[in-house]
Amino acid sequence: MANARHSGPSAATSKIEPATGKLGVMVVGMGAVATTMIAGVEAVRRGLAKPIGSLTQMGTIRLGKRTDNHSPLIKDFVPLADLNDIVFTGWDIFEDNVYEAAAHAAVLDKETLAKLQPYLETVKPMPAVFDQYYVKRLNGTYVKQGRNKRDLADQVIADIRAFKKTVDRVVMIWCGSTEIFMEPSAVHQSLAAFEAGLDNDDIGIAPSQIYAYGALSEGVPFANGAPNLTVDAPALIELSKRNSAPICGKDFKTGQTFMKTVLAPAFKARMIGVSGWFSTNILGNRDGEVLDDPQSFKTKEESKLGSLEYIFQPELYPDLYKDIYHKIRINYYPPRGDEKEAWDNIDIFGWLGYPMQIKVNFLCRDSILAAPIALDLVLFLDLAKRAPELRSIGIQEWLSFYLKSPQTAEGLYPEHDLFIQSMKLKNTLRHIMGAELITHLGLEYYD
Ligand SMILES: NC(=O)c1ccc[n+]([C@@H]2O[C@H](COP(=O)([O-])OP(=O)(O)OC[C@H]3O[C@@H](n4cnc5c(N)ncnc54)[C@H](O)[C@@H]3O)[C@@H](O)[C@H]2O)c1
């Protein structure tokens with residue numbers, strides 16, 4: 001292992017390909033999150049705003065001992081694509097350009113959008129792969145026609161290949177709507193079964209999986225901002241490894257689940273018991289409308305429910321967490337638009353079992369929280385693709401930090417605790433750069 005005190009190139013770093021040239025970002029679904037990310041990147045490029053909320057842009061990483069006082073910016077430590085080198089394109093079921101879509105989403109104010117309008121109007125979606133069976137509340141008008149799912153996948157691949165000619169590297173991210181709840185079936189068990197399913201129009205293959213198949217077939221990393229099954233299946237994991245196209249978990253961890261994965265580890269660390277956790281939300285954007293459909297809500301609910309179960313480990317702490325009543329509600333309420341409000345009531349108990357309550361009321365802005373996460377996932381997946389140690393392992397567990405449903409190797413429980421996830425992410429960066437890992441042991445200071 002290289003000396004901890006430097007952040008310069010080592011044997012490991014020299015193998016990571018540099019981030020030179022243009023990074024093409026293909027965004028599936030150009031709605032509230034996607035347009036807020038794209039407009040935000042342009043605002044930062046033009047010096048109109050700071051990239052707040054983005055670890056890749058604002059975060060630092062400590063190297064060496066605390067006494068070394070050496071904490072460079074992450075983007076100066078690992079070779080990440082520069083925001084000026086990002087080129088956006090994507091797909092949507094509506095023909096609106098990104099300016100029109102952003103105006104419709106109404107996340108950013110008119111003044112900000114007006115400054116960015118000439119650029120945003122140049123980013124136009126391509127026709128989407130869409131089937132209303134998988135998103136009941138939407139009716140797409142700008143969609144690809146194909147003989148079967150194989151034909152549609154070939155059309156996505158043709159779009160990727162055409163875009164590749166204009167940039168140096170490509171990453172794809174799903175910022176599309178939440179699809180109906182689906183469990184892995186026979187068609188997802190192997191790549192051969194999946195490819196046969198494309199030919200036979202298998203109902204188990206959702207549009208998000210057709211995009212993911214297209215990306216992974218082309219060696220393009222794929223991130224999933226929604227809770228859809230998508231790449232969380234053996235067939236797509238196989239393709240990811242085979243073509244050195246990194247994947248990670250799913251569903252941006254932005255508001256309520258973000259708070260859960262901060263608070264729950266604190267209770268567990270102090271051995272405070274929890275008997276109930278009731279979470280409710282009101283939101284009025286298109287995402288809220290889609291989630292008003294019970295089948296899309298079920299997909300979201302499953303993704304949101306998982307975190308507490310894993311953090312509390314009730315099998316290890318039955319006296320504290322065996323009987324938690326965990327309930328989640330999402331209510332579509334148009335007046336609020338993207339400005340979601342979330343309430344959590346947490347029933348906890350302490351010494352001798354005495355009960356207490358905590359109330360959390362988070363008045364958040366969904367897409368303001370999600371946009372920097374989408375950007376970071378894109379930049380880190382591009383790094384993973386250029387890092388020999390990461391590119392062929394398939395699932396990038398170190399990116400769990402950003403996701404409600406982290407993906408892991410088979411048989412491994414996912415790590416949901418935000419602070420463990422943060423340490424894992426930073427240690428992965430240290431590791432691929434040949435720097436010493438930080439264990440927080442610190443005994444050396446007392447020698
Ligand atoms: N904003 C957050 O905090 C947050 C957090 C976690 C997850 N998410 C998820 O991110 C996704 C995007 O959220 P949003 O608020 O931008 O929603 P949105 O409804 O504003 O945008 C989704 C876009 O996807 C398009 N779309 C749907 N199906 C498509 C398909 N098959 N191909 C191409 N485009 C398609 C829609 O037309 C729409 O423009 C949702 O699934 C949401 O659940 C958002």
# chains A, B, ... in the order shown; residues from 1 in each chain; ligands from 1
$ residues_around --residues "Ile358 of chain A" --least-positions-apart "3" --cutoff "7 Å" --atoms "only C-alpha atoms" --output "ChimeraX atom specification"
/A:345-347
$ residues_near_ligand --ligand "ligand 1" --cutoff "6 Å" --atoms "only C-alpha atoms and all ligand atoms" --output "NGL selection string"
:A and (28-34 or 91-94 or 128-130 or 175-178 or 207 or 225-226 or 251-254 or 286-287 or 366-367 or 369-370)
$ closest_residue --among "A:Ile368, A:Pro294, A:Phe194, A:Leu83" --to "Gly47 of chain A" --atoms "only C-alpha atoms"
A:Leu83
$ select_by_dssp --residues "segment 117-149 of chain A" --states "alpha helix (DSSP H)" --output "list in words"
Gln117, Pro118, Tyr119, Leu120 and Lys149 of chain A
$ closest_residue --among "A:Leu437, A:Leu263, A:Ile282, A:Cys364" --to "Phe419 of chain A" --atoms "only C-alpha atoms"
A:Leu263
$ residues_around --residues "Asn84 of chain A" --least-positions-apart "4" --cutoff "9 Å" --atoms "only C-alpha atoms" --output "list in words"
Lys22, Val41, Glu42 and Arg45 of chain A
$ atom_distance --atom1 "atom CA of Met433 of chain A" --atom2 "atom CA of Ile237 of chain A"
25.5 Å
$ select_by_dssp --residues "segment 60-209 of chain A" --states "strand (DSSP E)" --output "PDB file with N, CA, C and O atoms, in the first residue's frame"
ATOM      1  N   ILE A  86     -19.352  17.589 -19.516  1.00  0.00           N
ATOM      2  CA  ILE A  86     -20.561  16.758 -19.572  1.00  0.00           C
ATOM      3  C   ILE A  86     -21.470  17.216 -20.708  1.00  0.00           C
ATOM      4  O   ILE A  86     -21.726  18.404 -20.881  1.00  0.00           O
ATOM      5  N   VAL A  87     -21.948  16.227 -21.457  1.00  0.00           N
ATOM      6  CA  VAL A  87     -22.919  16.491 -22.535  1.00  0.00           C
ATOM      7  C   VAL A  87     -24.165  15.660 -22.225  1.00  0.00           C
ATOM      8  O   VAL A  87     -24.063  14.449 -22.003  1.00  0.00           O
ATOM      9  N   PHE A  88     -25.322  16.310 -22.182  1.00  0.00           N
ATOM     10  CA  PHE A  88     -26.550  15.590 -21.829  1.00  0.00           C
ATOM     11  C   PHE A  88     -27.387  15.240 -23.056  1.00  0.00           C
ATOM     12  O   PHE A  88     -27.499  16.039 -23.993  1.00  0.00           O
ATOM     13  N   THR A  89     -27.998  14.060 -22.987  1.00  0.00           N
ATOM     14  CA  THR A  89     -29.089  13.734 -23.908  1.00  0.00           C
ATOM     15  C   THR A  89     -30.027  12.792 -23.139  1.00  0.00           C
ATOM     16  O   THR A  89     -29.781  12.518 -21.966  1.00  0.00           O
ATOM     17  N   GLY A  90     -31.070  12.306 -23.781  1.00  0.00           N
ATOM     18  CA  GLY A  90     -31.954  11.392 -23.056  1.00  0.00           C
ATOM     19  C   GLY A  90     -33.201  11.037 -23.834  1.00  0.00           C
ATOM     20  O   GLY A  90     -33.284  11.272 -25.049  1.00  0.00           O
ATOM     21  N   TRP A  91     -34.128  10.466 -23.102  1.00  0.00           N
ATOM     22  CA  TRP A  91     -35.387  10.023 -23.712  1.00  0.00           C
ATOM     23  C   TRP A  91     -36.544  10.475 -22.826  1.00  0.00           C
ATOM     24  O   TRP A  91     -36.404  10.546 -21.604  1.00  0.00           O
ATOM     25  N   ASP A  92     -37.684  10.733 -23.409  1.00  0.00           N
ATOM     26  CA  ASP A  92     -38.902  10.917 -22.611  1.00  0.00           C
ATOM     27  C   ASP A  92     -40.110  10.542 -23.477  1.00  0.00           C
ATOM     28  O   ASP A  92     -40.007  10.473 -24.706  1.00  0.00           O
ATOM     29  N   PRO A 125     -35.260  15.411 -25.836  1.00  0.00           N
ATOM     30  CA  PRO A 125     -35.319  13.955 -25.678  1.00  0.00           C
ATOM     31  C   PRO A 125     -35.522  13.219 -27.000  1.00  0.00           C
ATOM     32  O   PRO A 125     -36.028  13.792 -27.971  1.00  0.00           O
ATOM     33  N   MET A 126     -35.115  11.964 -26.984  1.00  0.00           N
ATOM     34  CA  MET A 126     -35.432  11.054 -28.098  1.00  0.00           C
ATOM     35  C   MET A 126     -36.711  10.302 -27.710  1.00  0.00           C
ATOM     36  O   MET A 126     -37.047  10.223 -26.518  1.00  0.00           O
ATOM     37  N   PRO A 127     -37.414   9.742 -28.680  1.00  0.00           N
ATOM     38  CA  PRO A 127     -38.648   9.002 -28.339  1.00  0.00           C
ATOM     39  C   PRO A 127     -38.337   7.821 -27.417  1.00  0.00           C
ATOM     40  O   PRO A 127     -37.301   7.168 -27.546  1.00  0.00           O
ATOM     41  N   ARG A 169     -17.020   9.078 -23.592  1.00  0.00           N
ATOM     42  CA  ARG A 169     -17.510   8.015 -22.709  1.00  0.00           C
ATOM     43  C   ARG A 169     -18.983   8.278 -22.447  1.00  0.00           C
ATOM     44  O   ARG A 169     -19.433   9.420 -22.550  1.00  0.00           O
ATOM     45  N   VAL A 170     -19.713   7.206 -22.074  1.00  0.00           N
ATOM     46  CA  VAL A 170     -21.160   7.380 -21.847  1.00  0.00           C
ATOM     47  C   VAL A 170     -21.577   6.703 -20.537  1.00  0.00           C
ATOM     48  O   VAL A 170     -21.066   5.635 -20.188  1.00  0.00           O
ATOM     49  N   VAL A 171     -22.499   7.349 -19.808  1.00  0.00           N
ATOM     50  CA  VAL A 171     -23.153   6.762 -18.636  1.00  0.00           C
ATOM     51  C   VAL A 171     -24.651   6.958 -18.813  1.00  0.00           C
ATOM     52  O   VAL A 171     -25.078   7.967 -19.390  1.00  0.00           O
ATOM     53  N   MET A 172     -25.447   5.987 -18.350  1.00  0.00           N
ATOM     54  CA  MET A 172     -26.909   6.147 -18.437  1.00  0.00           C
ATOM     55  C   MET A 172     -27.503   6.173 -17.030  1.00  0.00           C
ATOM     56  O   MET A 172     -27.052   5.457 -16.144  1.00  0.00           O
ATOM     57  N   ILE A 173     -28.512   7.010 -16.842  1.00  0.00           N
ATOM     58  CA  ILE A 173     -29.197   7.058 -15.536  1.00  0.00           C
ATOM     59  C   ILE A 173     -30.706   7.097 -15.746  1.00  0.00           C
ATOM     60  O   ILE A 173     -31.200   7.863 -16.576  1.00  0.00           O
ATOM     61  N   TRP A 174     -31.414   6.249 -15.005  1.00  0.00           N
ATOM     62  CA  TRP A 174     -32.885   6.245 -15.051  1.00  0.00           C
ATOM     63  C   TRP A 174     -33.414   7.291 -14.076  1.00  0.00           C
ATOM     64  O   TRP A 174     -33.243   7.163 -12.858  1.00  0.00           O
TER      65      TRP A 174
END
$ atom_distance --atom1 "atom CA of Val262 of chain A" --atom2 "atom CA of Phe380 of chain A"
22.5 Å
$ atom_distance --atom1 "atom CA of Phe267 of chain A" --atom2 "atom CA of Leu316 of chain A"
14.4 Å
$ residues_around --residues "segment 404-417 of chain A" --least-positions-apart "4" --cutoff "9 Å" --atoms "only C-alpha atoms" --output "PyMOL selection string"
chain A and resi 227+232+247-254+257-258+260-262+264-265+303-304+306-308+310-311+395-397+399-400+421-422
$ residues_around --residues "Asp376 of chain A" --least-positions-apart "5" --cutoff "9 Å" --atoms "only C-alpha atoms" --output "PyMOL selection string"
chain A and resi 54-57+371+381+402
$ write_last_selection --atoms "all heavy atoms" --output "PDB file, in the first residue's frame"
ATOM      1  N   SER A  54     -23.673  18.187  -3.520  1.00  0.00           N
ATOM      2  CA  SER A  54     -22.911  17.234  -4.326  1.00  0.00           C
ATOM      3  C   SER A  54     -21.573  16.925  -3.661  1.00  0.00           C
ATOM      4  O   SER A  54     -20.716  17.804  -3.534  1.00  0.00           O
ATOM      5  CB  SER A  54     -22.676  17.811  -5.724  1.00  0.00           C
ATOM      6  OG  SER A  54     -21.635  17.092  -6.353  1.00  0.00           O
ATOM      7  N   LEU A  55     -21.413  15.679  -3.264  1.00  0.00           N
ATOM      8  CA  LEU A  55     -20.160  15.255  -2.627  1.00  0.00           C
ATOM      9  C   LEU A  55     -19.001  15.320  -3.619  1.00  0.00           C
ATOM     10  O   LEU A  55     -17.878  15.691  -3.254  1.00  0.00           O
ATOM     11  CB  LEU A  55     -20.337  13.817  -2.107  1.00  0.00           C
ATOM     12  CG  LEU A  55     -19.194  13.226  -1.309  1.00  0.00           C
ATOM     13  CD1 LEU A  55     -19.050  13.917   0.034  1.00  0.00           C
ATOM     14  CD2 LEU A  55     -19.424  11.723  -1.090  1.00  0.00           C
ATOM     15  N   THR A  56     -19.259  14.973  -4.872  1.00  0.00           N
ATOM     16  CA  THR A  56     -18.157  14.985  -5.854  1.00  0.00           C
ATOM     17  C   THR A  56     -17.639  16.400  -6.078  1.00  0.00           C
ATOM     18  O   THR A  56     -16.469  16.578  -6.404  1.00  0.00           O
ATOM     19  CB  THR A  56     -18.589  14.426  -7.217  1.00  0.00           C
ATOM     20  OG1 THR A  56     -19.660  15.231  -7.729  1.00  0.00           O
ATOM     21  CG2 THR A  56     -19.011  12.976  -7.143  1.00  0.00           C
ATOM     22  N   GLN A  57     -18.499  17.401  -5.921  1.00  0.00           N
ATOM     23  CA  GLN A  57     -18.079  18.768  -6.221  1.00  0.00           C
ATOM     24  C   GLN A  57     -17.592  19.520  -4.992  1.00  0.00           C
ATOM     25  O   GLN A  57     -16.722  20.379  -5.088  1.00  0.00           O
ATOM     26  CB  GLN A  57     -19.237  19.554  -6.862  1.00  0.00           C
ATOM     27  CG  GLN A  57     -19.778  18.902  -8.125  1.00  0.00           C
ATOM     28  CD  GLN A  57     -18.684  18.617  -9.138  1.00  0.00           C
ATOM     29  OE1 GLN A  57     -17.995  19.509  -9.598  1.00  0.00           O
ATOM     30  NE2 GLN A  57     -18.496  17.346  -9.484  1.00  0.00           N
ATOM     31  N   ALA A 371     -31.228  16.007  -7.329  1.00  0.00           N
ATOM     32  CA  ALA A 371     -30.370  16.374  -8.468  1.00  0.00           C
ATOM     33  C   ALA A 371     -28.872  16.131  -8.211  1.00  0.00           C
ATOM     34  O   ALA A 371     -28.189  15.525  -9.040  1.00  0.00           O
ATOM     35  CB  ALA A 371     -30.626  17.831  -8.859  1.00  0.00           C
ATOM     36  N   LEU A 381     -19.930   6.550 -11.350  1.00  0.00           N
ATOM     37  CA  LEU A 381     -20.012   5.358 -12.224  1.00  0.00           C
ATOM     38  C   LEU A 381     -19.024   5.480 -13.378  1.00  0.00           C
ATOM     39  O   LEU A 381     -18.425   4.497 -13.815  1.00  0.00           O
ATOM     40  CB  LEU A 381     -21.440   5.173 -12.752  1.00  0.00           C
ATOM     41  CG  LEU A 381     -22.416   4.528 -11.778  1.00  0.00           C
ATOM     42  CD1 LEU A 381     -23.819   4.493 -12.374  1.00  0.00           C
ATOM     43  CD2 LEU A 381     -22.004   3.101 -11.395  1.00  0.00           C
ATOM     44  N   TYR A 402     -25.983   6.613  -1.729  1.00  0.00           N
ATOM     45  CA  TYR A 402     -26.942   7.473  -2.422  1.00  0.00           C
ATOM     46  C   TYR A 402     -28.323   6.846  -2.582  1.00  0.00           C
ATOM     47  O   TYR A 402     -29.196   7.465  -3.148  1.00  0.00           O
ATOM     48  CB  TYR A 402     -26.412   7.773  -3.826  1.00  0.00           C
ATOM     49  CG  TYR A 402     -25.165   8.623  -3.828  1.00  0.00           C
ATOM     50  CD1 TYR A 402     -23.926   8.102  -4.159  1.00  0.00           C
ATOM     51  CD2 TYR A 402     -25.241   9.973  -3.493  1.00  0.00           C
ATOM     52  CE1 TYR A 402     -22.789   8.899  -4.169  1.00  0.00           C
ATOM     53  CE2 TYR A 402     -24.114  10.772  -3.500  1.00  0.00           C
ATOM     54  CZ  TYR A 402     -22.890  10.232  -3.836  1.00  0.00           C
ATOM     55  OH  TYR A 402     -21.783  11.028  -3.845  1.00  0.00           O
TER      56      TYR A 402
END
$ residues_around --residues "Glu179 of chain A" --least-positions-apart "3" --cutoff "6 Å" --atoms "only C-alpha atoms" --output "list in words"
Tyr134, Val135, Asn228 and Ser296 of chain A
$ closest_residue --among "A:Pro246, A:Pro355, A:Gly337, A:Gly59" --to "Gly276 of chain A" --atoms "only C-alpha atoms"
A:Pro355
$ residues_around --residues "Tyr332 of chain A" --least-positions-apart "2" --cutoff "12 Å" --atoms "only C-alpha atoms" --output "short mmCIF file (atom, residue, chain, number, x, y, z; two decimals) with N, CA, C and O atoms, in the first residue's frame"
data_model
loop_
_atom_site.label_atom_id
_atom_site.label_comp_id
_atom_site.auth_asym_id
_atom_site.auth_seq_id
_atom_site.Cartn_x
_atom_site.Cartn_y
_atom_site.Cartn_z
N THR A 280 -45.42 9.65 6.95
CA THR A 280 -46.38 10.01 5.93
C THR A 280 -45.85 11.20 5.14
O THR A 280 -44.99 11.95 5.60
N ASN A 281 -46.32 11.34 3.92
CA ASN A 281 -45.84 12.38 3.00
C ASN A 281 -46.99 12.98 2.22
O ASN A 281 -47.93 12.26 1.88
N ILE A 282 -46.88 14.26 1.89
CA ILE A 282 -47.74 14.80 0.84
C ILE A 282 -46.84 15.38 -0.24
O ILE A 282 -45.84 16.03 0.05
N LEU A 283 -47.16 15.09 -1.49
CA LEU A 283 -46.42 15.70 -2.59
C LEU A 283 -47.33 15.80 -3.81
O LEU A 283 -48.27 15.04 -3.96
N GLY A 284 -47.02 16.79 -4.64
CA GLY A 284 -47.96 17.08 -5.73
C GLY A 284 -47.33 17.14 -7.10
O GLY A 284 -47.94 17.69 -8.02
N ASN A 285 -46.13 16.59 -7.27
CA ASN A 285 -45.55 16.60 -8.61
C ASN A 285 -46.00 15.37 -9.40
O ASN A 285 -46.81 14.57 -8.93
N ARG A 286 -45.45 15.22 -10.61
CA ARG A 286 -45.87 14.07 -11.44
C ARG A 286 -45.48 12.75 -10.80
O ARG A 286 -46.18 11.75 -10.91
N ASP A 287 -44.37 12.76 -10.08
CA ASP A 287 -43.96 11.55 -9.35
C ASP A 287 -45.05 11.16 -8.36
O ASP A 287 -45.42 9.99 -8.24
N GLY A 288 -45.59 12.17 -7.66
CA GLY A 288 -46.66 11.92 -6.70
C GLY A 288 -47.89 11.33 -7.38
O GLY A 288 -48.56 10.44 -6.86
N GLU A 289 -48.17 11.84 -8.57
CA GLU A 289 -49.33 11.36 -9.33
C GLU A 289 -49.13 9.88 -9.73
O GLU A 289 -50.02 9.05 -9.59
N VAL A 290 -47.91 9.57 -10.19
CA VAL A 290 -47.60 8.18 -10.58
C VAL A 290 -47.70 7.27 -9.35
O VAL A 290 -48.25 6.17 -9.41
N LEU A 291 -47.19 7.77 -8.20
CA LEU A 291 -47.18 6.94 -6.99
C LEU A 291 -48.57 6.81 -6.36
O LEU A 291 -48.78 6.00 -5.46
N ASP A 292 -49.52 7.56 -6.88
CA ASP A 292 -50.91 7.44 -6.44
C ASP A 292 -51.52 6.13 -6.94
O ASP A 292 -52.53 5.67 -6.42
N ASP A 293 -50.89 5.55 -7.94
CA ASP A 293 -51.35 4.25 -8.43
C ASP A 293 -50.82 3.17 -7.48
O ASP A 293 -49.61 3.13 -7.20
N PRO A 294 -51.69 2.29 -6.97
CA PRO A 294 -51.26 1.33 -5.95
C PRO A 294 -50.09 0.44 -6.40
O PRO A 294 -49.23 0.09 -5.59
N PHE A 297 -46.98 2.54 -6.18
CA PHE A 297 -46.72 2.80 -4.76
C PHE A 297 -46.08 1.58 -4.10
O PHE A 297 -45.16 1.70 -3.29
N ARG A 329 -46.79 6.07 4.27
CA ARG A 329 -47.88 6.57 3.43
C ARG A 329 -47.35 7.66 2.51
O ARG A 329 -46.58 8.53 2.95
N ILE A 330 -47.80 7.63 1.25
CA ILE A 330 -47.48 8.73 0.33
C ILE A 330 -48.81 9.22 -0.23
O ILE A 330 -49.59 8.43 -0.77
N PRO A 334 -51.81 17.82 -5.02
CA PRO A 334 -51.30 18.72 -6.06
C PRO A 334 -50.85 20.10 -5.59
O PRO A 334 -49.85 20.61 -6.12
N PRO A 335 -51.50 20.78 -4.61
CA PRO A 335 -51.06 22.14 -4.31
C PRO A 335 -49.58 22.26 -3.94
O PRO A 335 -48.98 23.31 -4.12
N ARG A 336 -48.98 21.20 -3.44
CA ARG A 336 -47.59 21.30 -2.99
C ARG A 336 -46.56 21.15 -4.12
O ARG A 336 -45.39 21.44 -3.93
N GLY A 337 -46.95 20.66 -5.26
CA GLY A 337 -45.98 20.46 -6.33
C GLY A 337 -44.81 19.63 -5.84
O GLY A 337 -44.99 18.62 -5.15
N ASP A 338 -43.58 20.10 -6.17
CA ASP A 338 -42.37 19.35 -5.82
C ASP A 338 -41.98 19.55 -4.35
O ASP A 338 -41.08 18.91 -3.84
N GLU A 339 -42.67 20.49 -3.68
CA GLU A 339 -42.29 20.81 -2.31
C GLU A 339 -42.97 19.87 -1.33
O GLU A 339 -43.97 20.20 -0.68
N LYS A 340 -42.42 18.72 -1.26
CA LYS A 340 -42.98 17.65 -0.44
C LYS A 340 -42.90 17.99 1.04
O LYS A 340 -41.99 18.68 1.48
N GLU A 341 -43.85 17.49 1.80
CA GLU A 341 -43.74 17.60 3.26
C GLU A 341 -43.84 16.19 3.83
O GLU A 341 -44.71 15.41 3.46
#
$ closest_residue --among "A:Gly214, A:Lys136, A:Val25, A:Thr166" --to "Asp151 of chain A" --atoms "only C-alpha atoms"
A:Gly214
$ closest_residue --among "A:Ile205, A:Thr20, A:Glu218, A:Asn331" --to "Val231 of chain A" --atoms "only C-alpha atoms"
A:Ile205
